[in-house]
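Participant: Data file work19.tsv (TSV, C-alpha atoms) is appended below.
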```
chain	number	residue	atom	x	y	z
A	25	MET	CA	-18.49	21.61	0.45
A	26	ILE	CA	-19.04	19.91	-2.94
A	27	ARG	CA	-16.56	22.28	-4.61
A	28	TRP	CA	-14.02	21.55	-1.87
A	29	ILE	CA	-14.41	17.79	-2.38
A	30	ILE	CA	-13.95	18.15	-6.16
A	31	SER	CA	-10.83	20.28	-5.64
A	32	SER	CA	-9.41	17.71	-3.24
A	33	SER	CA	-10.07	14.90	-5.73
A	34	ILE	CA	-8.18	16.79	-8.46
A	35	MET	CA	-5.27	17.30	-6.07
A	36	LEU	CA	-5.23	13.59	-5.26
A	37	PHE	CA	-4.89	12.68	-8.93
A	38	HIS	CA	-2.02	15.18	-9.34
A	39	ILE	CA	-0.24	13.46	-6.45
A	40	ALA	CA	-0.88	10.08	-8.09
A	41	THR	CA	0.65	11.29	-11.35
A	42	TYR	CA	3.75	12.45	-9.52
A	43	SER	CA	4.03	9.23	-7.53
A	44	GLN	CA	4.24	7.21	-10.76
A	45	ILE	CA	7.44	9.05	-11.75
A	46	SER	CA	9.67	7.22	-9.25
A	47	SER	CA	9.28	3.71	-7.88
A	48	LEU	CA	8.59	3.25	-4.19
A	49	THR	CA	10.40	-0.08	-4.05
A	50	SER	CA	13.66	-1.66	-5.15
A	51	SER	CA	12.69	-5.33	-4.96
A	52	PRO	CA	13.56	-7.96	-7.59
A	53	TYR	CA	10.34	-9.74	-6.59
A	54	SER	CA	8.37	-6.74	-7.86
A	55	MET	CA	8.86	-8.03	-11.43
A	56	TYR	CA	6.06	-10.55	-10.87
A	57	GLY	CA	2.39	-9.74	-11.41
A	58	LEU	CA	1.50	-6.12	-10.60
A	59	GLY	CA	4.59	-5.66	-8.42
A	60	SER	CA	5.10	-5.64	-4.67
A	61	THR	CA	1.81	-5.05	-2.83
A	62	ASN	CA	1.82	-1.94	-0.67
A	63	PHE	CA	0.90	-2.37	3.01
A	64	GLU	CA	1.65	1.15	4.27
A	65	ASN	CA	-1.47	3.11	5.09
A	66	THR	CA	-2.49	6.00	7.32
A	67	GLY	CA	-0.02	6.81	10.08
A	68	ILE	CA	-1.79	5.08	12.96
A	69	THR	CA	-1.54	1.55	11.47
A	70	ASN	CA	2.00	1.54	10.02
A	71	SER	CA	3.70	0.91	13.37
A	72	LEU	CA	1.04	-1.57	14.58
A	73	GLY	CA	2.33	-4.35	12.35
A	74	TYR	CA	-0.06	-2.98	9.67
A	75	SER	CA	-3.02	-4.21	11.74
A	76	GLY	CA	-6.19	-2.26	12.52
A	77	VAL	CA	-9.32	-3.65	10.87
A	78	ALA	CA	-11.12	-3.21	14.24
A	79	LEU	CA	-9.54	0.17	14.99
A	80	PRO	CA	-12.08	3.07	15.05
A	81	SER	CA	-11.27	6.50	13.60
A	82	GLU	CA	-12.04	8.35	16.81
A	83	PHE	CA	-8.69	10.20	16.96
A	84	GLU	CA	-7.34	9.92	13.39
A	85	LEU	CA	-8.14	8.19	10.12
A	86	ASN	CA	-7.93	4.43	9.67
A	87	SER	CA	-8.25	3.41	6.00
A	88	LEU	CA	-8.03	-0.35	6.58
A	89	ASN	CA	-11.78	-0.60	7.18
A	90	PRO	CA	-14.36	1.85	5.75
A	91	ALA	CA	-16.67	1.14	8.71
A	92	SER	CA	-14.21	2.89	11.04
A	93	LEU	CA	-15.18	6.26	9.54
A	94	ALA	CA	-18.46	6.24	11.47
A	95	SER	CA	-16.37	6.87	14.62
A	96	ILE	CA	-15.14	10.29	13.45
A	97	PRO	CA	-16.36	12.83	16.03
A	98	GLN	CA	-19.07	15.25	14.97
A	99	ASN	CA	-17.70	18.48	13.41
A	100	SER	CA	-14.20	16.97	13.09
A	101	PHE	CA	-12.27	16.92	9.83
A	102	PHE	CA	-9.32	14.49	9.57
A	103	PHE	CA	-6.44	14.77	7.11
A	104	ASP	CA	-3.48	12.38	6.77
A	105	ILE	CA	-0.52	12.52	4.39
A	106	GLY	CA	2.55	10.30	4.52
A	107	LEU	CA	6.03	9.78	3.10
A	108	LYS	CA	8.09	6.58	2.95
A	109	LEU	CA	11.84	5.92	2.81
A	110	GLN	CA	12.91	2.35	2.08
A	111	ASN	CA	16.44	0.91	2.12
A	112	THR	CA	16.74	-2.63	0.72
A	113	SER	CA	19.69	-5.05	0.80
A	114	ASN	CA	19.50	-7.94	-1.68
A	115	GLU	CA	21.53	-11.10	-1.05
A	116	SER	CA	21.94	-14.01	-3.46
A	117	SER	CA	24.26	-16.99	-3.67
A	118	ARG	CA	26.46	-14.97	-6.06
A	119	SER	CA	26.26	-11.32	-5.09
A	120	SER	CA	24.68	-8.61	-2.95
A	121	SER	CA	23.42	-5.08	-3.56
A	122	LYS	CA	21.78	-2.15	-1.81
A	123	GLU	CA	19.02	0.09	-3.13
A	124	ARG	CA	17.05	3.04	-1.77
A	125	ALA	CA	13.59	4.34	-2.67
A	126	PHE	CA	11.61	7.36	-1.50
A	127	GLY	CA	8.12	8.65	-2.20
A	128	PHE	CA	4.63	9.42	-0.93
A	129	SER	CA	2.79	6.65	0.93
A	130	ASN	CA	-0.78	7.93	1.30
A	131	PHE	CA	-3.11	10.91	1.12
A	132	SER	CA	-6.42	10.67	2.99
A	133	LEU	CA	-9.16	12.93	4.30
A	134	GLY	CA	-12.44	12.19	6.06
A	135	PHE	CA	-15.32	13.96	7.79
A	136	PRO	CA	-18.84	13.21	9.11
A	137	LEU	CA	-21.93	14.05	7.07
A	138	ASN	CA	-24.16	14.01	10.15
A	139	THR	CA	-24.28	12.34	13.56
A	140	LYS	CA	-24.54	8.85	12.02
A	141	SER	CA	-22.54	8.83	8.78
A	142	ALA	CA	-19.18	9.91	7.36
A	143	VAL	CA	-17.21	9.86	4.10
A	144	ALA	CA	-13.54	9.77	3.14
A	145	LEU	CA	-11.33	10.17	0.09
A	146	SER	CA	-7.93	8.55	-0.11
A	147	LEU	CA	-5.11	7.85	-2.53
A	148	ILE	CA	-2.75	5.01	-1.65
A	149	PRO	CA	-0.23	3.10	-3.79
A	150	TYR	CA	-1.66	-0.35	-4.53
A	151	SER	CA	1.57	-1.89	-5.81
A	152	ASN	CA	5.13	-0.79	-6.58
A	153	VAL	CA	7.58	-1.96	-9.24
A	154	GLY	CA	11.30	-1.28	-9.14
A	155	TYR	CA	14.04	-3.73	-10.15
A	156	ILE	CA	17.28	-3.96	-12.11
A	157	PHE	CA	18.88	-7.12	-13.50
A	158	ASP	CA	22.13	-6.39	-15.31
A	159	ASP	CA	25.12	-8.26	-16.70
A	160	ILE	CA	22.99	-11.23	-17.79
A	161	ARG	CA	25.14	-13.22	-20.21
A	162	GLY	CA	24.34	-15.90	-22.78
A	163	LYS	CA	24.91	-17.25	-26.27
A	164	VAL	CA	22.81	-16.69	-29.36
A	165	ALA	CA	21.04	-19.93	-30.27
A	166	GLY	CA	22.80	-21.78	-33.10
A	167	SER	CA	26.02	-19.74	-32.93
A	168	GLU	CA	29.00	-18.92	-30.73
A	169	GLU	CA	28.13	-15.20	-30.53
A	170	GLN	CA	27.72	-13.90	-26.98
A	171	TYR	CA	25.37	-11.24	-25.69
A	172	THR	CA	24.75	-9.33	-22.46
A	173	SER	CA	21.34	-8.20	-21.24
A	174	ALA	CA	20.03	-5.66	-18.73
A	175	ILE	CA	16.40	-5.47	-17.60
A	176	ILE	CA	14.91	-2.47	-15.77
A	177	GLY	CA	11.38	-2.30	-14.37
A	178	SER	CA	9.51	0.62	-12.80
A	179	GLY	CA	6.05	1.99	-12.09
A	180	GLY	CA	3.11	0.57	-10.18
A	181	LEU	CA	-0.57	1.06	-9.49
A	182	ASN	CA	-2.42	3.56	-7.33
A	183	LYS	CA	-5.75	3.14	-5.56
A	184	PHE	CA	-8.18	6.07	-5.37
A	185	CYS	CA	-10.97	5.35	-2.88
A	186	LEU	CA	-14.32	6.84	-1.95
A	187	SER	CA	-15.57	5.42	1.36
A	188	TYR	CA	-18.85	5.76	3.24
A	189	ALA	CA	-19.79	4.57	6.74
A	190	ARG	CA	-22.91	4.64	8.89
A	191	LYS	CA	-23.76	3.85	12.51
A	192	ILE	CA	-26.48	1.30	13.14
A	193	GLY	CA	-27.55	1.77	16.73
A	194	ASN	CA	-24.89	2.40	19.35
A	195	LYS	CA	-22.61	-0.59	18.72
A	196	LEU	CA	-22.59	-1.47	15.01
A	197	ARG	CA	-20.80	0.46	12.23
A	198	LEU	CA	-21.05	-0.52	8.56
A	199	GLY	CA	-19.03	0.80	5.66
A	200	SER	CA	-18.51	0.46	1.92
A	201	GLU	CA	-15.76	1.57	-0.43
A	202	VAL	CA	-15.33	1.97	-4.17
A	203	ALA	CA	-11.69	1.87	-5.26
A	204	PHE	CA	-10.40	2.79	-8.72
A	205	ASN	CA	-7.04	1.12	-9.39
A	206	PHE	CA	-4.93	2.60	-12.16
A	207	GLY	CA	-1.31	2.82	-13.26
A	208	ASN	CA	1.47	1.70	-15.58
A	209	VAL	CA	4.22	-0.91	-15.31
A	210	SER	CA	7.27	-0.32	-17.54
A	211	GLN	CA	9.99	-2.76	-18.50
A	212	GLN	CA	13.03	-1.98	-20.62
A	213	GLU	CA	15.45	-4.64	-21.85
A	214	ASN	CA	18.77	-3.82	-23.53
A	215	ILE	CA	20.51	-6.70	-25.32
A	216	SER	CA	24.09	-5.94	-26.39
A	217	PHE	CA	25.81	-7.90	-29.15
A	218	SER	CA	29.35	-7.45	-30.48
A	219	ASN	CA	28.33	-4.82	-33.03
A	220	SER	CA	24.73	-3.80	-32.18
A	221	LEU	CA	22.21	-3.08	-29.43
A	222	THR	CA	18.60	-4.24	-29.37
A	223	ARG	CA	16.23	-2.39	-27.04
A	224	LEU	CA	12.73	-3.53	-26.12
A	225	ASP	CA	10.40	-1.11	-24.28
A	226	GLU	CA	7.07	-2.38	-22.96
A	227	VAL	CA	4.53	-0.38	-20.97
A	228	SER	CA	1.53	-2.22	-19.51
A	229	HIS	CA	-1.55	-0.18	-18.60
A	230	TYR	CA	-4.05	-1.29	-15.94
A	231	GLU	CA	-7.31	0.18	-14.71
A	232	GLY	CA	-10.43	-1.08	-12.99
A	233	PHE	CA	-12.70	-0.90	-9.95
A	234	GLN	CA	-12.92	-2.95	-6.78
A	235	ILE	CA	-15.71	-2.81	-4.19
A	236	SER	CA	-15.20	-3.40	-0.48
A	237	PHE	CA	-17.43	-3.71	2.56
A	238	GLY	CA	-16.57	-3.45	6.23
A	239	ALA	CA	-18.08	-3.74	9.69
A	240	GLN	CA	-17.11	-2.99	13.28
A	241	TYR	CA	-19.02	-4.06	16.36
A	242	ASP	CA	-18.48	-3.08	20.01
A	243	LEU	CA	-18.74	-6.36	21.90
A	244	ARG	CA	-17.95	-4.56	25.13
A	245	LYS	CA	-16.66	-1.16	26.10
A	246	ASN	CA	-13.08	-2.41	25.76
A	247	ILE	CA	-13.50	-4.98	22.93
A	248	ILE	CA	-14.18	-4.22	19.25
A	249	VAL	CA	-14.31	-6.79	16.45
A	250	GLY	CA	-14.09	-5.89	12.78
A	251	THR	CA	-14.04	-7.34	9.29
A	252	SER	CA	-13.30	-6.12	5.77
A	253	ILE	CA	-14.18	-7.88	2.52
A	254	LYS	CA	-12.78	-6.88	-0.89
A	255	LEU	CA	-14.74	-8.47	-3.73
A	256	PRO	CA	-12.92	-9.99	-6.74
A	257	ASN	CA	-12.85	-8.02	-9.96
A	258	TYR	CA	-10.86	-7.54	-13.17
A	259	LEU	CA	-8.37	-4.87	-14.17
A	260	LYS	CA	-8.53	-3.97	-17.84
A	261	ALA	CA	-5.06	-4.34	-19.34
A	262	SER	CA	-3.27	-3.26	-22.52
A	263	LYS	CA	0.34	-2.91	-23.62
A	264	ASP	CA	2.51	-0.60	-25.73
A	265	ARG	CA	5.65	-2.09	-27.29
A	266	THR	CA	8.64	-0.55	-29.07
A	267	LEU	CA	11.57	-2.56	-30.47
A	268	LEU	CA	14.72	-0.75	-31.63
A	269	ASN	CA	17.99	-1.89	-33.18
A	270	VAL	CA	21.00	0.39	-32.79
A	271	THR	CA	24.18	0.01	-34.89
A	272	ASP	CA	26.98	2.26	-36.07
A	273	ASN	CA	24.79	3.15	-39.06
A	274	GLY	CA	21.95	4.49	-36.91
A	275	THR	CA	18.73	3.41	-35.20
A	276	THR	CA	16.07	1.22	-36.84
A	277	ILE	CA	12.55	0.88	-35.45
A	278	LEU	CA	11.64	-2.79	-35.80
A	279	GLU	CA	8.29	-2.59	-34.01
A	280	ASP	CA	6.13	0.21	-32.63
A	281	GLU	CA	2.61	-0.79	-31.55
A	282	SER	CA	0.08	0.57	-29.05
A	283	ASN	CA	-2.89	-0.89	-27.20
A	284	LEU	CA	-1.83	-4.50	-27.74
A	285	PHE	CA	-4.13	-7.14	-26.26
A	286	MET	CA	-3.34	-8.39	-22.77
A	287	ARG	CA	-5.34	-10.77	-20.62
A	288	ASN	CA	-7.23	-8.82	-17.97
A	289	PHE	CA	-5.67	-9.11	-14.51
A	290	LYS	CA	-8.03	-10.57	-11.91
A	291	LEU	CA	-7.98	-9.17	-8.38
A	292	PRO	CA	-8.79	-11.86	-5.79
A	293	LEU	CA	-11.30	-12.09	-2.98
A	294	ASP	CA	-9.67	-10.54	0.10
A	295	ILE	CA	-11.08	-11.09	3.62
A	296	THR	CA	-9.75	-9.67	6.90
A	297	ILE	CA	-11.02	-10.25	10.44
A	298	GLY	CA	-9.62	-8.73	13.60
A	299	GLY	CA	-10.08	-7.46	17.11
A	300	ARG	CA	-9.12	-4.55	19.34
A	301	PHE	CA	-8.68	-5.01	23.09
A	302	VAL	CA	-8.20	-2.16	25.57
A	303	PHE	CA	-6.61	-2.63	29.01
A	304	LYS	CA	-6.53	0.82	30.61
A	305	ASN	CA	-3.75	2.64	28.70
A	306	PHE	CA	-2.64	-0.47	26.79
A	307	ILE	CA	-4.25	-1.51	23.47
A	308	ILE	CA	-3.80	-4.68	21.39
A	309	ASN	CA	-4.85	-5.01	17.73
A	310	THR	CA	-4.87	-8.34	15.90
A	311	ASP	CA	-5.72	-9.08	12.25
A	312	TYR	CA	-5.90	-12.21	10.12
A	313	ARG	CA	-6.15	-11.70	6.37
A	314	GLN	CA	-6.70	-14.29	3.63
A	315	ILE	CA	-6.27	-13.39	-0.05
A	316	PHE	CA	-7.51	-16.07	-2.45
A	317	TRP	CA	-5.00	-15.74	-5.30
A	318	SER	CA	-5.34	-19.38	-6.37
A	319	LYS	CA	-8.94	-18.73	-7.44
A	320	THR	CA	-7.79	-16.13	-10.00
A	321	GLU	CA	-6.14	-18.84	-12.15
A	322	LEU	CA	-3.35	-16.39	-13.00
A	323	THR	CA	0.00	-17.77	-14.21
A	324	ASP	CA	3.56	-16.50	-14.29
A	325	ASN	CA	6.51	-17.74	-16.33
A	326	VAL	CA	8.54	-18.72	-13.26
A	327	GLY	CA	6.02	-19.20	-10.46
A	328	THR	CA	2.53	-20.19	-9.34
A	329	TYR	CA	0.04	-17.95	-7.56
A	330	THR	CA	-1.11	-19.38	-4.23
A	331	ASP	CA	-3.46	-18.25	-1.47
A	332	ASN	CA	-1.91	-15.60	0.73
A	333	SER	CA	-2.24	-15.61	4.55
A	334	ILE	CA	-1.25	-12.57	6.60
A	335	PHE	CA	-1.17	-12.39	10.38
A	336	SER	CA	-0.58	-9.02	12.10
A	337	ILE	CA	-0.50	-7.88	15.70
A	338	GLY	CA	0.12	-4.43	17.12
A	339	THR	CA	0.29	-2.86	20.57
A	340	GLU	CA	-0.11	0.73	21.68
A	341	TYR	CA	0.62	2.39	25.02
A	342	ARG	CA	-0.94	5.79	25.70
A	343	LYS	CA	0.71	8.21	28.12
A	344	LYS	CA	-1.00	11.45	29.19
A	345	PHE	CA	1.05	14.57	29.81
A	346	ARG	CA	0.53	18.32	30.15
A	347	SER	CA	1.56	20.63	27.31
A	348	ASN	CA	2.92	24.16	27.64
A	349	ALA	CA	-0.64	25.42	27.30
A	350	ASN	CA	-1.56	23.22	30.29
A	351	LYS	CA	-3.71	21.01	28.07
A	352	SER	CA	-3.85	17.24	28.38
A	353	LYS	CA	-2.08	15.44	25.50
A	354	LEU	CA	-1.62	11.77	24.56
A	355	LEU	CA	1.73	10.32	23.56
A	356	ARG	CA	1.22	6.98	21.78
A	357	LEU	CA	4.02	4.40	21.72
A	358	ARG	CA	3.49	1.50	19.28
A	359	SER	CA	5.03	-1.78	18.18
A	360	GLY	CA	3.95	-4.68	16.02
A	361	PHE	CA	4.74	-7.77	13.98
A	362	THR	CA	3.41	-9.15	10.70
A	363	PHE	CA	3.92	-12.39	8.79
A	364	ASN	CA	2.93	-12.65	5.13
A	365	SER	CA	3.05	-16.14	3.59
A	366	GLY	CA	3.31	-14.61	0.11
A	367	ASN	CA	1.24	-15.22	-3.01
A	368	LEU	CA	3.97	-16.59	-5.30
A	369	GLU	CA	5.58	-20.03	-5.22
A	370	ILE	CA	8.82	-20.56	-7.14
A	371	LYS	CA	10.28	-24.08	-7.36
A	372	ASP	CA	8.34	-25.22	-4.26
A	373	TYR	CA	9.44	-22.14	-2.24
A	374	LYS	CA	6.88	-19.54	-1.14
A	375	ILE	CA	8.17	-15.97	-1.10
A	376	ALA	CA	7.24	-15.09	2.49
A	377	THR	CA	7.75	-11.78	4.32
A	378	SER	CA	8.01	-11.03	8.02
A	379	ALA	CA	8.48	-7.62	9.64
A	380	PHE	CA	8.80	-5.97	13.05
A	381	THR	CA	7.53	-2.40	13.49
A	382	ILE	CA	7.92	0.31	16.13
A	383	GLY	CA	6.74	3.90	16.21
A	384	ALA	CA	5.13	6.76	18.02
A	385	GLY	CA	2.24	9.18	17.68
A	386	ILE	CA	3.51	12.56	18.85
A	387	PRO	CA	0.89	15.28	19.43
A	388	ILE	CA	1.46	18.50	17.50
A	389	GLY	CA	-0.56	21.69	17.58
A	390	SER	CA	-4.06	21.48	19.00
A	391	LEU	CA	-6.90	18.96	18.98
A	392	ASN	CA	-6.01	15.43	17.76
A	393	SER	CA	-3.20	16.41	15.40
A	394	ASN	CA	-0.23	14.03	15.48
A	395	LEU	CA	3.12	13.34	13.89
A	396	ASN	CA	3.20	9.58	13.34
A	397	ILE	CA	6.64	8.04	12.86
A	398	SER	CA	7.25	4.34	12.25
A	399	TYR	CA	10.21	2.09	11.52
A	400	SER	CA	9.97	-1.41	10.04
A	401	TYR	CA	12.58	-4.14	9.75
A	402	GLY	CA	11.55	-6.93	7.41
A	403	THR	CA	12.87	-9.84	5.39
A	404	THR	CA	11.53	-11.38	2.17
A	405	GLY	CA	12.55	-14.64	0.49
A	406	GLN	CA	15.63	-16.73	1.14
A	407	VAL	CA	19.03	-17.38	-0.39
A	408	THR	CA	19.03	-20.43	-2.70
A	409	ASN	CA	20.49	-21.14	-6.13
A	410	THR	CA	17.67	-19.19	-7.78
A	411	LEU	CA	16.12	-17.00	-5.07
A	412	ILE	CA	17.13	-13.78	-3.34
A	413	ARG	CA	16.79	-12.71	0.27
A	414	GLU	CA	15.76	-9.11	0.90
A	415	ILE	CA	16.35	-7.15	4.08
A	416	GLN	CA	14.17	-4.04	4.21
A	417	HIS	CA	14.41	-0.99	6.44
A	418	LYS	CA	11.40	1.32	6.11
A	419	ILE	CA	10.66	4.66	7.72
A	420	THR	CA	7.26	6.29	7.29
A	421	ILE	CA	6.36	9.79	8.44
A	422	ASN	CA	2.69	10.76	8.51
A	423	PHE	CA	1.18	14.12	9.36
A	424	SER	CA	-2.30	13.50	10.79
A	425	PHE	CA	-4.33	16.66	11.38
A	426	GLU	CA	-7.73	17.39	12.89
A	427	ASP	CA	-9.76	20.53	12.29
A	428	LEU	CA	-13.21	21.51	13.55
A	429	TRP	CA	-16.01	22.55	11.20
A	430	PHE	CA	-19.23	24.48	11.82
A	431	ILE	CA	-18.50	25.39	15.45
A	432	LYS	CA	-20.38	28.49	16.57
A	433	ARG	CA	-18.29	31.18	18.21
A	434	LYS	CA	-19.05	31.91	21.83
A	435	TYR	CA	-17.80	35.48	21.52
A	436	ASP	CA	-17.75	37.97	18.67
```
What is this file in structure tokens?

Facilitator:
Amino acid sequence: MIRWIISSSIMLFHIATYSQISSLTSSPYSMYGLGSTNFENTGITNSLGYSGVALPSEFELNSLNPASLASIPQNSFFFDIGLKLQNTSNESSRSSSKERAFGFSNFSLGFPLNTKSAVALSLIPYSNVGYIFDDIRGKVAGSEEQYTSAIIGSGGLNKFCLSYARKIGNKLRLGSEVAFNFGNVSQQENISFSNSLTRLDEVSHYEGFQISFGAQYDLRKNIIVGTSIKLPNYLKASKDRTLLNVTDNGTTILEDESNLFMRNFKLPLDITIGGRFVFKNFIINTDYRQIFWSKTELTDNVGTYTDNSIFSIGTEYRKKFRSNANKSKLLRLRSGFTFNSGNLEIKDYKIATSAFTIGAGIPIGSLNSNLNISYSYGTTGQVTNTLIREIQHKITINFSFEDLWFIKRKYD
């Protein structure tokens, strides 16, 4: 088993390397901080308004709370991999544009160690960067010479997690998680003058750990409450910079430096509380999340970091039916809503996001294997003289598989 876990970890890092090649977003707001925070997760939560801190992992993995892993059935092995397609329309007071992004959204696996504990490995994008600002015009200070500028940003951070959970009695589940955040954020600026081109390439490198704890408690048979706490920590940061000047006579390297000093990026305290309520075949999940960005004392050239409040609610309806093999299956129909107050304030405006989600968990194969499909319609920001309104259409497809380990054969 140890060799298998090591092999899976290596595969996760290969997927992370590939995922850094193309951005998973096309948002102008991703130029701030570490980029746009990723909220997509394992397939079961994406269509529930991204809620699920009190959702147990009894049928498939839930990576929003490490404590949920203690609900994985004995001898079961869960595996979840997802893809995301995002179409974004940007509207400003002067123009509009459309962009599309595609990539992997998560890779997770989990299994019990014994009747009381379980572990999981997962790789999930932490943030995404993808923006283009072109045809920026201005005058050189002290002269009448004009220039045009284009700025392109890409990259993002990934989160590799090792989670552990344990049952305490029949009602309480506790969990902990160690996450290693790593990745690069690239920005290229091309400044064109009448007879030359200046190009500035900057690549910022980030890496660091963050520790989380979680709990779930069965208040009643049909009510579960849960919480997740991510402790604050720092990401070590450095920067590589290259400055080029291109003329008809050739290219001149003006600056080429590596590992330049950058102030470490502080990750904030992040607390989520929520509940899960079951009414026969109908389930409601609710989450409230508070991220204390103001305590990090981080600054940005154009905005101020503020505390971030996120409210999410999701509903699921389960319908039993008989398959061709005359086995009972569960079709899960889901919907949800989320409101994110945003963590950046620009000229007294907070960059808020709201989104509606719908989806389904369609049983495939045997056991608790499902094809989870979700669609999200969301908006970010607003149209003012300086701000942009985004309209986002997202589709996520997750393959969630269950396998059974160490089951003795009844017949040879």

Participant: So how far away is atom CA of His417 of chain A from atom CA of Gly385 of chain A, in Å?

Facilitator: 19.4 Å

Participant: Identify, on the basis of only C-alpha atoms, every residue whose closest approach to Gly298 of chain A does not exceed 7 Å; exclude the query and any residue fewer than 2 positions from it along the same chain; express the result as a list in words.

Facilitator: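 So, after excluding close chain neighbours, the residues are Val77, Ala78, Val249, Gly250, Thr251, Thr296, Thr310, Asp311 and Tyr312 of chain A.
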
Participant: Select from segment 112-231 of chain A every residue with an atom at most 10 Å from any atom of segment 51-74 of chain A, then for each give the shortest pair of atoms and their distance in Å to one decimal, using all atoms listed in the file, rows by chain and rising number, as a tab-separated table.

Facilitator:
```
residue	atom	partner	partner_atom	distance
A:Thr112	CA	A:Ser51	CA	7.5
A:Ser113	CA	A:Ser51	CA	9.1
A:Asn114	CA	A:Ser51	CA	8.0
A:Glu123	CA	A:Ser51	CA	8.5
A:Arg124	CA	A:Ser51	CA	10.0
A:Ala125	CA	A:Ser51	CA	10.0
A:Ser129	CA	A:Glu64	CA	6.5
A:Asn130	CA	A:Asn65	CA	6.2
A:Phe131	CA	A:Thr66	CA	7.9
A:Ser132	CA	A:Thr66	CA	7.5
A:Ser146	CA	A:Thr66	CA	9.6
A:Leu147	CA	A:Asn65	CA	9.7
A:Ile148	CA	A:Asn65	CA	7.1
A:Pro149	CA	A:Asn62	CA	6.3
A:Tyr150	CA	A:Asn62	CA	5.4
A:Ser151	CA	A:Thr61	CA	4.4
A:Asn152	CA	A:Ser60	CA	5.2
A:Val153	CA	A:Gly59	CA	4.8
A:Gly154	CA	A:Ser51	CA	6.0
A:Tyr155	CA	A:Pro52	CA	5.0
A:Ile156	CA	A:Pro52	CA	7.1
A:Phe157	CA	A:Pro52	CA	8.0
A:Ile176	CA	A:Met55	CA	9.3
A:Gly177	CA	A:Met55	CA	6.9
A:Ser178	CA	A:Met55	CA	8.8
A:Gly179	CA	A:Gly59	CA	8.6
A:Gly180	CA	A:Gly59	CA	6.6
A:Leu181	CA	A:Leu58	CA	7.6
A:Asn182	CA	A:Asn62	CA	9.6
A:Gly207	CA	A:Leu58	CA	9.7
A:Asn208	CA	A:Leu58	CA	9.3
A:Val209	CA	A:Leu58	CA	7.5
A:Ser210	CA	A:Met55	CA	10.0
A:Gln211	CA	A:Met55	CA	8.9
A:Ser228	CA	A:Leu58	CA	9.7
A:Tyr230	CA	A:Leu58	CA	9.1
```

Participant: Could the residues of segment 68-110 of chain A that have an atom at most 9 Å from segment 189-198 of chain A be listed as JSON lines, each with its closest atom pair and the distance in Å to one decimal, counting all atoms listed in the file and ordered by chain and ascending residue number?

Facilitator:
```
{"residue": "A:Pro90", "atom": "CA", "partner": "A:Ala189", "partner_atom": "CA", "distance": 6.2}
{"residue": "A:Ala91", "atom": "CA", "partner": "A:Leu198", "partner_atom": "CA", "distance": 4.7}
{"residue": "A:Ser92", "atom": "CA", "partner": "A:Arg197", "partner_atom": "CA", "distance": 7.1}
{"residue": "A:Leu93", "atom": "CA", "partner": "A:Ala189", "partner_atom": "CA", "distance": 5.7}
{"residue": "A:Ala94", "atom": "CA", "partner": "A:Ala189", "partner_atom": "CA", "distance": 5.2}
{"residue": "A:Ser95", "atom": "CA", "partner": "A:Arg197", "partner_atom": "CA", "distance": 8.2}
```

Participant: May I have the residues within 8 Å of Ile370 of chain A as number ranges by chain, using all atoms listed in the file and disregarding those fewer than 3 positions away in the same chain?

Facilitator: A: 326-328, 373-375

Participant: Draw an axis-aligned box tight on the listed atoms of segment 382-399 of chain A, then pad every side by 4 Å and write out centre and edge lengths in Å to one decimal as AutoDock Vina command-line options.

Facilitator:
```
--center_x 1.7 --center_y 11.0 --center_z 15.5 --size_x 25.1 --size_y 29.4 --size_z 15.9
```
